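Everything below belongs to final27.pdb, which stores PDB, C-alpha atoms, pLDDT in the B column.
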```pdb
ATOM      1  CA  ALA A   1      28.601  14.343 -42.396  1.00 71.00           C
ATOM      2  CA  GLN A   2      27.438  15.619 -39.062  1.00 79.00           C
ATOM      3  CA  SER A   3      29.040  14.387 -35.885  1.00 88.00           C
ATOM      4  CA  VAL A   4      28.748  14.995 -32.167  1.00 93.00           C
ATOM      5  CA  SER A   5      31.652  14.802 -29.776  1.00 94.00           C
ATOM      6  CA  GLN A   6      31.330  14.483 -26.025  1.00 95.00           C
ATOM      7  CA  HIS A   7      34.701  15.096 -24.479  1.00 88.00           C
ATOM      8  CA  ASN A   8      34.321  13.206 -21.226  1.00 88.00           C
ATOM      9  CA  HIS A   9      33.444   9.527 -21.174  1.00 91.00           C
ATOM     10  CA  HIS A  10      33.263   9.221 -17.419  1.00 95.00           C
ATOM     11  CA  VAL A  11      33.043  11.987 -14.838  1.00 96.00           C
ATOM     12  CA  ILE A  12      33.182  11.398 -11.091  1.00 97.00           C
ATOM     13  CA  LEU A  13      32.134  14.188  -8.725  1.00 97.00           C
ATOM     14  CA  SER A  14      31.254  14.625  -5.096  1.00 97.00           C
ATOM     15  CA  GLU A  15      27.857  15.975  -4.124  1.00 96.00           C
ATOM     16  CA  ALA A  16      27.590  19.778  -4.347  1.00 96.00           C
ATOM     17  CA  ALA A  17      30.363  19.994  -6.920  1.00 97.00           C
ATOM     18  CA  SER A  18      29.705  21.910 -10.115  1.00 97.00           C
ATOM     19  CA  LEU A  19      29.262  20.061 -13.372  1.00 97.00           C
ATOM     20  CA  GLU A  20      30.081  20.914 -16.949  1.00 97.00           C
ATOM     21  CA  LEU A  21      29.847  18.317 -19.704  1.00 97.00           C
ATOM     22  CA  GLY A  22      31.239  19.292 -23.070  1.00 96.00           C
ATOM     23  CA  CYS A  23      29.481  18.762 -26.392  1.00 96.00           C
ATOM     24  CA  ASN A  24      30.697  19.885 -29.784  1.00 96.00           C
ATOM     25  CA  TYR A  25      29.067  19.181 -33.099  1.00 94.00           C
ATOM     26  CA  SER A  26      30.046  19.522 -36.703  1.00 90.00           C
ATOM     27  CA  TYR A  27      27.371  20.597 -39.147  1.00 83.00           C
ATOM     28  CA  GLY A  28      27.213  23.729 -41.223  1.00 76.00           C
ATOM     29  CA  GLY A  29      23.473  24.190 -41.372  1.00 80.00           C
ATOM     30  CA  THR A  30      20.670  24.866 -38.965  1.00 81.00           C
ATOM     31  CA  VAL A  31      20.625  22.483 -36.036  1.00 84.00           C
ATOM     32  CA  ASN A  32      18.430  21.682 -33.104  1.00 89.00           C
ATOM     33  CA  LEU A  33      20.300  20.594 -29.993  1.00 93.00           C
ATOM     34  CA  PHE A  34      19.291  18.293 -27.203  1.00 93.00           C
ATOM     35  CA  TRP A  35      20.604  16.773 -24.029  1.00 96.00           C
ATOM     36  CA  TYR A  36      19.072  13.481 -22.973  1.00 95.00           C
ATOM     37  CA  VAL A  37      19.634  11.612 -19.717  1.00 95.00           C
ATOM     38  CA  GLN A  38      19.362   7.936 -18.885  1.00 93.00           C
ATOM     39  CA  TYR A  39      19.063   7.142 -15.194  1.00 94.00           C
ATOM     40  CA  PRO A  40      19.971   3.615 -14.088  1.00 91.00           C
ATOM     41  CA  GLY A  41      17.254   1.200 -15.136  1.00 88.00           C
ATOM     42  CA  GLN A  42      15.245   3.823 -16.981  1.00 89.00           C
ATOM     43  CA  HIS A  43      14.865   4.814 -20.602  1.00 87.00           C
ATOM     44  CA  LEU A  44      16.344   7.869 -22.242  1.00 91.00           C
ATOM     45  CA  GLN A  45      14.493  11.073 -21.505  1.00 91.00           C
ATOM     46  CA  LEU A  46      14.794  14.693 -22.514  1.00 91.00           C
ATOM     47  CA  LEU A  47      16.757  16.990 -20.221  1.00 94.00           C
ATOM     48  CA  LEU A  48      16.603  20.164 -22.290  1.00 94.00           C
ATOM     49  CA  LYS A  49      16.609  21.426 -25.863  1.00 92.00           C
ATOM     50  CA  TYR A  50      17.573  24.432 -27.928  1.00 92.00           C
ATOM     51  CA  PHE A  51      16.269  25.375 -31.350  1.00 86.00           C
ATOM     52  CA  SER A  52      16.080  29.172 -31.365  1.00 86.00           C
ATOM     53  CA  GLY A  53      16.045  32.260 -29.179  1.00 89.00           C
ATOM     54  CA  ASP A  54      17.988  32.663 -25.957  1.00 92.00           C
ATOM     55  CA  PRO A  55      21.104  30.517 -26.287  1.00 93.00           C
ATOM     56  CA  LEU A  56      21.024  29.740 -22.567  1.00 95.00           C
ATOM     57  CA  VAL A  57      18.349  27.134 -22.011  1.00 95.00           C
ATOM     58  CA  LYS A  58      17.146  25.684 -18.762  1.00 94.00           C
ATOM     59  CA  GLY A  59      15.954  22.146 -18.321  1.00 92.00           C
ATOM     60  CA  ILE A  60      14.671  19.898 -15.610  1.00 90.00           C
ATOM     61  CA  LYS A  61      16.347  19.331 -12.257  1.00 93.00           C
ATOM     62  CA  GLY A  62      18.426  22.510 -12.353  1.00 95.00           C
ATOM     63  CA  PHE A  63      20.344  21.708 -15.523  1.00 96.00           C
ATOM     64  CA  GLU A  64      21.126  24.330 -18.123  1.00 97.00           C
ATOM     65  CA  ALA A  65      23.046  24.443 -21.389  1.00 97.00           C
ATOM     66  CA  GLU A  66      24.526  27.206 -23.476  1.00 96.00           C
ATOM     67  CA  PHE A  67      24.587  27.182 -27.258  1.00 94.00           C
ATOM     68  CA  ILE A  68      27.662  28.966 -28.599  1.00 94.00           C
ATOM     69  CA  LYS A  69      27.275  29.013 -32.355  1.00 90.00           C
ATOM     70  CA  SER A  70      30.796  30.243 -33.068  1.00 92.00           C
ATOM     71  CA  LYS A  71      32.245  27.308 -31.145  1.00 93.00           C
ATOM     72  CA  PHE A  72      29.709  24.721 -32.360  1.00 93.00           C
ATOM     73  CA  SER A  73      29.211  23.854 -28.711  1.00 95.00           C
ATOM     74  CA  PHE A  74      26.290  23.036 -26.440  1.00 96.00           C
ATOM     75  CA  ASN A  75      27.769  22.350 -23.004  1.00 97.00           C
ATOM     76  CA  LEU A  76      25.633  21.101 -20.151  1.00 97.00           C
ATOM     77  CA  ARG A  77      26.011  22.628 -16.690  1.00 97.00           C
ATOM     78  CA  LYS A  78      24.678  22.288 -13.192  1.00 97.00           C
ATOM     79  CA  PRO A  79      25.944  24.409 -10.279  1.00 97.00           C
ATOM     80  CA  SER A  80      25.606  21.739  -7.614  1.00 97.00           C
ATOM     81  CA  VAL A  81      25.127  18.049  -8.403  1.00 97.00           C
ATOM     82  CA  GLN A  82      23.273  15.550  -6.276  1.00 96.00           C
ATOM     83  CA  TRP A  83      23.714  11.812  -5.869  1.00 96.00           C
ATOM     84  CA  SER A  84      20.485  11.360  -7.857  1.00 96.00           C
ATOM     85  CA  ASP A  85      22.146  12.952 -10.901  1.00 97.00           C
ATOM     86  CA  THR A  86      24.166   9.774 -11.392  1.00 97.00           C
ATOM     87  CA  ALA A  87      23.264   8.780 -14.936  1.00 96.00           C
ATOM     88  CA  GLU A  88      24.440   8.694 -18.509  1.00 95.00           C
ATOM     89  CA  TYR A  89      24.110  11.922 -20.474  1.00 96.00           C
ATOM     90  CA  PHE A  90      23.819  12.172 -24.234  1.00 95.00           C
ATOM     91  CA  CYS A  91      24.145  15.226 -26.442  1.00 96.00           C
ATOM     92  CA  ALA A  92      22.215  15.070 -29.730  1.00 93.00           C
ATOM     93  CA  VAL A  93      21.866  17.122 -32.876  1.00 91.00           C
ATOM     94  CA  ASN A  94      18.897  17.095 -35.249  1.00 86.00           C
ATOM     95  CA  THR A  95      19.094  18.615 -38.676  1.00 78.00           C
ATOM     96  CA  ASN A  96      16.184  19.721 -40.801  1.00 67.00           C
ATOM     97  CA  ALA A  97      16.674  16.567 -42.850  1.00 68.00           C
ATOM     98  CA  GLY A  98      15.497  14.615 -39.850  1.00 68.00           C
ATOM     99  CA  LYS A  99      18.760  12.890 -39.172  1.00 74.00           C
ATOM    100  CA  SER A 100      19.610  12.593 -35.501  1.00 82.00           C
ATOM    101  CA  THR A 101      23.191  12.244 -34.356  1.00 89.00           C
ATOM    102  CA  PHE A 102      24.043  11.365 -30.786  1.00 92.00           C
ATOM    103  CA  GLY A 103      27.323  11.630 -28.954  1.00 93.00           C
ATOM    104  CA  ASP A 104      28.834   8.561 -27.332  1.00 91.00           C
ATOM    105  CA  GLY A 105      27.526   9.616 -23.946  1.00 93.00           C
ATOM    106  CA  THR A 106      29.101  10.668 -20.662  1.00 95.00           C
ATOM    107  CA  THR A 107      28.636   8.598 -17.541  1.00 95.00           C
ATOM    108  CA  LEU A 108      28.339  10.791 -14.464  1.00 97.00           C
ATOM    109  CA  THR A 109      28.915   9.242 -11.066  1.00 97.00           C
ATOM    110  CA  VAL A 110      28.139  11.426  -8.060  1.00 97.00           C
ATOM    111  CA  LYS A 111      29.584  10.255  -4.754  1.00 95.00           C
ATOM    112  CA  PRO A 112      27.409  10.926  -1.703  1.00 89.00           C
TER
ATOM    113  CA  GLU B   1      -0.092   8.825 -21.446  1.00 63.00           C
ATOM    114  CA  ALA B   2       1.449   5.516 -22.440  1.00 73.00           C
ATOM    115  CA  GLY B   3       5.055   5.773 -23.516  1.00 91.00           C
ATOM    116  CA  VAL B   4       6.825   4.222 -26.465  1.00 95.00           C
ATOM    117  CA  THR B   5       6.563   0.449 -26.261  1.00 96.00           C
ATOM    118  CA  GLN B   6       8.915  -2.016 -27.866  1.00 97.00           C
ATOM    119  CA  SER B   7       8.706  -5.775 -28.266  1.00 97.00           C
ATOM    120  CA  PRO B   8      10.163  -8.178 -27.607  1.00 97.00           C
ATOM    121  CA  THR B   9      12.329  -7.107 -24.689  1.00 96.00           C
ATOM    122  CA  HIS B  10      14.994  -9.626 -25.594  1.00 97.00           C
ATOM    123  CA  LEU B  11      15.523 -11.585 -28.792  1.00 97.00           C
ATOM    124  CA  ILE B  12      18.045 -14.372 -29.293  1.00 97.00           C
ATOM    125  CA  LYS B  13      18.960 -15.437 -32.815  1.00 97.00           C
ATOM    126  CA  THR B  14      21.750 -17.230 -34.629  1.00 97.00           C
ATOM    127  CA  ARG B  15      23.887 -16.017 -37.496  1.00 97.00           C
ATOM    128  CA  GLY B  16      22.067 -15.878 -40.824  1.00 97.00           C
ATOM    129  CA  GLN B  17      18.603 -15.685 -39.320  1.00 97.00           C
ATOM    130  CA  GLN B  18      16.226 -12.780 -39.609  1.00 98.00           C
ATOM    131  CA  ALA B  19      14.924 -10.635 -36.754  1.00 98.00           C
ATOM    132  CA  THR B  20      11.821  -8.457 -36.499  1.00 98.00           C
ATOM    133  CA  LEU B  21      11.568  -5.803 -33.823  1.00 98.00           C
ATOM    134  CA  ARG B  22       8.403  -3.831 -33.135  1.00 98.00           C
ATOM    135  CA  CYS B  23       7.638  -0.372 -31.847  1.00 98.00           C
ATOM    136  CA  SER B  24       4.459   1.447 -30.896  1.00 97.00           C
ATOM    137  CA  PRO B  25       4.843   5.219 -30.641  1.00 96.00           C
ATOM    138  CA  ILE B  26       3.143   7.512 -28.196  1.00 95.00           C
ATOM    139  CA  SER B  27      -0.437   8.122 -29.259  1.00 93.00           C
ATOM    140  CA  GLY B  28      -0.547  11.048 -31.675  1.00 90.00           C
ATOM    141  CA  HIS B  29       3.103  10.797 -32.650  1.00 92.00           C
ATOM    142  CA  THR B  30       3.690  10.305 -36.356  1.00 91.00           C
ATOM    143  CA  SER B  31       7.485  10.054 -36.474  1.00 92.00           C
ATOM    144  CA  VAL B  32       9.392   6.944 -35.451  1.00 94.00           C
ATOM    145  CA  TYR B  33      13.160   6.659 -35.193  1.00 93.00           C
ATOM    146  CA  TRP B  34      15.309   3.548 -34.809  1.00 96.00           C
ATOM    147  CA  TYR B  35      18.763   3.475 -33.221  1.00 95.00           C
ATOM    148  CA  GLN B  36      21.382   0.831 -32.581  1.00 96.00           C
ATOM    149  CA  GLN B  37      23.354   0.985 -29.359  1.00 92.00           C
ATOM    150  CA  ALA B  38      26.169  -1.532 -29.375  1.00 89.00           C
ATOM    151  CA  LEU B  39      28.062  -2.260 -26.174  1.00 81.00           C
ATOM    152  CA  GLY B  40      30.290   0.658 -25.255  1.00 74.00           C
ATOM    153  CA  LEU B  41      29.106   2.782 -28.150  1.00 78.00           C
ATOM    154  CA  GLY B  42      26.653   5.624 -28.415  1.00 81.00           C
ATOM    155  CA  LEU B  43      23.380   5.626 -30.265  1.00 89.00           C
ATOM    156  CA  GLN B  44      23.788   5.101 -33.982  1.00 91.00           C
ATOM    157  CA  PHE B  45      20.937   6.450 -36.110  1.00 90.00           C
ATOM    158  CA  LEU B  46      19.352   3.732 -38.214  1.00 94.00           C
ATOM    159  CA  LEU B  47      16.072   4.887 -39.736  1.00 93.00           C
ATOM    160  CA  TRP B  48      13.453   7.594 -39.552  1.00 92.00           C
ATOM    161  CA  TYR B  49       9.839   7.050 -40.578  1.00 93.00           C
ATOM    162  CA  ASP B  50       7.146   9.683 -40.771  1.00 90.00           C
ATOM    163  CA  GLU B  51       3.608   9.337 -42.082  1.00 89.00           C
ATOM    164  CA  GLY B  52       4.371   5.880 -43.395  1.00 91.00           C
ATOM    165  CA  GLU B  53       7.414   6.875 -45.422  1.00 92.00           C
ATOM    166  CA  GLU B  54      11.115   6.305 -44.843  1.00 92.00           C
ATOM    167  CA  ARG B  55      12.512   9.849 -44.572  1.00 89.00           C
ATOM    168  CA  ASN B  56      16.158   9.189 -43.806  1.00 88.00           C
ATOM    169  CA  ARG B  57      18.532   6.376 -42.947  1.00 90.00           C
ATOM    170  CA  GLY B  58      21.910   6.109 -41.335  1.00 89.00           C
ATOM    171  CA  ASN B  59      25.037   4.364 -42.557  1.00 90.00           C
ATOM    172  CA  PHE B  60      23.795   0.805 -42.283  1.00 95.00           C
ATOM    173  CA  PRO B  61      23.655  -1.891 -44.954  1.00 96.00           C
ATOM    174  CA  PRO B  62      20.401  -2.623 -46.814  1.00 96.00           C
ATOM    175  CA  ARG B  63      19.782  -5.745 -44.736  1.00 97.00           C
ATOM    176  CA  PHE B  64      18.544  -3.294 -42.096  1.00 97.00           C
ATOM    177  CA  SER B  65      15.090  -2.236 -43.214  1.00 96.00           C
ATOM    178  CA  GLY B  66      11.736  -1.406 -41.794  1.00 96.00           C
ATOM    179  CA  ARG B  67       8.359   0.016 -42.321  1.00 96.00           C
ATOM    180  CA  GLN B  68       5.724   2.150 -40.672  1.00 97.00           C
ATOM    181  CA  PHE B  69       2.109   1.108 -40.594  1.00 97.00           C
ATOM    182  CA  PRO B  70      -1.007   3.302 -40.979  1.00 96.00           C
ATOM    183  CA  ASN B  71      -1.376   3.388 -37.183  1.00 95.00           C
ATOM    184  CA  TYR B  72       2.229   4.765 -37.025  1.00 95.00           C
ATOM    185  CA  SER B  73       3.656   1.682 -35.358  1.00 97.00           C
ATOM    186  CA  SER B  74       6.846   0.424 -36.912  1.00 98.00           C
ATOM    187  CA  GLU B  75       8.910  -2.684 -37.537  1.00 98.00           C
ATOM    188  CA  LEU B  76      12.634  -2.988 -37.891  1.00 98.00           C
ATOM    189  CA  ASN B  77      13.820  -6.013 -39.860  1.00 98.00           C
ATOM    190  CA  VAL B  78      17.374  -7.246 -39.844  1.00 98.00           C
ATOM    191  CA  ASN B  79      18.197  -9.941 -42.394  1.00 97.00           C
ATOM    192  CA  ALA B  80      21.193 -12.263 -42.577  1.00 97.00           C
ATOM    193  CA  LEU B  81      22.111 -11.558 -38.964  1.00 97.00           C
ATOM    194  CA  GLU B  82      25.783 -11.192 -38.091  1.00 96.00           C
ATOM    195  CA  LEU B  83      27.463 -11.414 -34.717  1.00 96.00           C
ATOM    196  CA  GLU B  84      28.149  -7.679 -34.702  1.00 95.00           C
ATOM    197  CA  ASP B  85      24.415  -6.988 -34.915  1.00 97.00           C
ATOM    198  CA  SER B  86      24.205  -7.856 -31.225  1.00 97.00           C
ATOM    199  CA  ALA B  87      23.073  -4.614 -29.599  1.00 96.00           C
ATOM    200  CA  LEU B  88      20.267  -2.751 -27.918  1.00 95.00           C
ATOM    201  CA  TYR B  89      17.838  -1.396 -30.499  1.00 97.00           C
ATOM    202  CA  LEU B  90      15.986   1.683 -29.394  1.00 96.00           C
ATOM    203  CA  CYS B  91      12.861   3.149 -30.885  1.00 96.00           C
ATOM    204  CA  ALA B  92      11.809   6.755 -30.354  1.00 94.00           C
ATOM    205  CA  SER B  93       8.828   8.772 -31.446  1.00 93.00           C
ATOM    206  CA  SER B  94       8.123  12.467 -31.829  1.00 89.00           C
ATOM    207  CA  SER B  95       5.023  14.470 -32.475  1.00 85.00           C
ATOM    208  CA  ASP B  96       5.858  15.519 -36.017  1.00 69.00           C
ATOM    209  CA  ARG B  97       8.644  15.709 -38.530  1.00 66.00           C
ATOM    210  CA  VAL B  98       9.803  19.121 -37.383  1.00 65.00           C
ATOM    211  CA  SER B  99      13.316  18.545 -36.138  1.00 66.00           C
ATOM    212  CA  ASN B 100      12.998  20.707 -33.045  1.00 70.00           C
ATOM    213  CA  GLN B 101      10.677  18.237 -31.374  1.00 77.00           C
ATOM    214  CA  PRO B 102      12.267  15.987 -28.765  1.00 83.00           C
ATOM    215  CA  GLN B 103      12.185  12.259 -29.126  1.00 87.00           C
ATOM    216  CA  HIS B 104      10.583   9.960 -26.595  1.00 91.00           C
ATOM    217  CA  PHE B 105      12.366   6.667 -26.194  1.00 93.00           C
ATOM    218  CA  GLY B 106      11.244   3.151 -25.466  1.00 94.00           C
ATOM    219  CA  ASP B 107      13.121   0.686 -23.277  1.00 93.00           C
ATOM    220  CA  GLY B 108      14.652  -1.077 -26.249  1.00 95.00           C
ATOM    221  CA  THR B 109      14.964  -4.600 -27.602  1.00 97.00           C
ATOM    222  CA  ARG B 110      18.178  -6.396 -26.782  1.00 96.00           C
ATOM    223  CA  LEU B 111      19.159  -8.525 -29.756  1.00 97.00           C
ATOM    224  CA  SER B 112      21.703 -11.252 -29.071  1.00 97.00           C
ATOM    225  CA  ILE B 113      23.277 -13.176 -31.917  1.00 96.00           C
ATOM    226  CA  LEU B 114      24.780 -16.551 -31.039  1.00 92.00           C
TER
END
```
Can I see the file as structure tokens?
Amino acid sequence: AQSVSQHNHHVILSEAASLELGCNYSYGGTVNLFWYVQYPGQHLQLLLKYFSGDPLVKGIKGFEAEFIKSKFSFNLRKPSVQWSDTAEYFCAVNTNAGKSTFGDGTTLTVKP
Amino acid sequence: EAGVTQSPTHLIKTRGQQATLRCSPISGHTSVYWYQQALGLGLQFLLWYDEGEERNRGNFPPRFSGRQFPNYSSELNVNALELEDSALYLCASSSDRVSNQPQHFGDGTRLSIL
């Protein structure tokens, strides 16, 4: 069975600090990887995705993620966070069978 | 473009009752996904519908069921409600069954079981 693990449940940073949120998955086949974000009071929305090509993908608002196949990882990064990045972040894996598996989410709090 | 809409926003039921939750996907989207998000837990995959057919389901008992209509809207039915069914139920849609397409989420239906 596939699973997604997000290592940090709650991360607290000051503005301008660098961010890296870990995501590891377990699945032996072809996967498509996503990071979604949920800002306070809003619905989940796509941050970025990877399904082929350059393993370093860039998303909205300066976020990027790197797919490392050998490590089954898809970590999310941002060089300098802002207060407006305070949100909950979810890593997700889709398989070709259409099953979507989400991690438990990481709550990011950015202090102004 | 209108987003994914879910109704009702909040539903209160008692144990043993049945609940019906509704979802309208983004226009043109044929795939609908249902998730359960219990308090403090991540999103648990429930069901995936595409072109009117159930394509996959998560590890939930058969009392969780649903359907997709010809206009691609969908219903989630939960029978014999239990206290632990209290959760936020999210619906998402995507443009086709290809798994590299992102999902677009609605605001959810909060189901409370008394």
For the file shown, what are the residues hit by the PyMOL selection byres ((chain A) within 10 of (chain B)), laid out as an MDAnalysis selection string? chainID A and resid 31:36 41:52 90 92:106
Any chance you could resolve the PyMOL selection byres ((chain A and resi 58-70) around 12) against this file and give the residues as number ranges by chain? A: 18-37, 45-57, 71-82, 84-85, 89, 91, 93
Between atom CA of Glu82 of chain B and atom CA of Val32 of chain B, what is the distance in Å, rounded to a tenth? 24.6 Å
Using the chain letters and numbering of this document, enumerate as a VMD selection string the residues selected by the PyMOL selection byres ((chain A and resi 109) around 7). chain A and resid 11 to 13 86 to 87 107 to 108 110 to 111
For the atom pair atom CA of His10 of chain A and atom CA of Trp34 of chain B, what is the interatomic distance in Å to one decimal place?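 Atom-to-atom, atom CA of His10 of chain A to atom CA of Trp34 of chain B, that is 25.6 Å.
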Atom CA of Ile26 of chain B to atom CA of Val78 of chain B, distance in Å rounded to a single decimal: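 Taking atom CA of Ile26 of chain B and atom CA of Val78 of chain B, their separation equals 23.6 Å.
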Long-range neighbours of Ile113 of chain B as a ChimeraX atom specification, 7 Å cut-off, only C-alpha atoms, 2 positions minimum in chain: /B:12-15,82-83,85-86,111
Select, from B:Thr20, B:Thr9, B:Ser27, B:Thr109, the residue with the minimum atom-to-atom distance to Glu75 of chain B, counting only C-alpha atoms.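 Looking only at the distances to Glu75 of chain B, the closest residue turns out to be B:Thr20.
The shortest atom-to-atom distance to Trp83 of chain A, with only C-alpha atoms taken into account, belongs to A:Ser14 out of A:Ser3, A:Gln38, A:Asn8, A:Ser14.
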Can you pull out every residue within 7 Å of Tyr72 of chain B, counting all atoms listed in the file, but drop anything in the same chain fewer than 4 positions away, and send it as a ChimeraX atom specification? /B:25,30,51-52,68
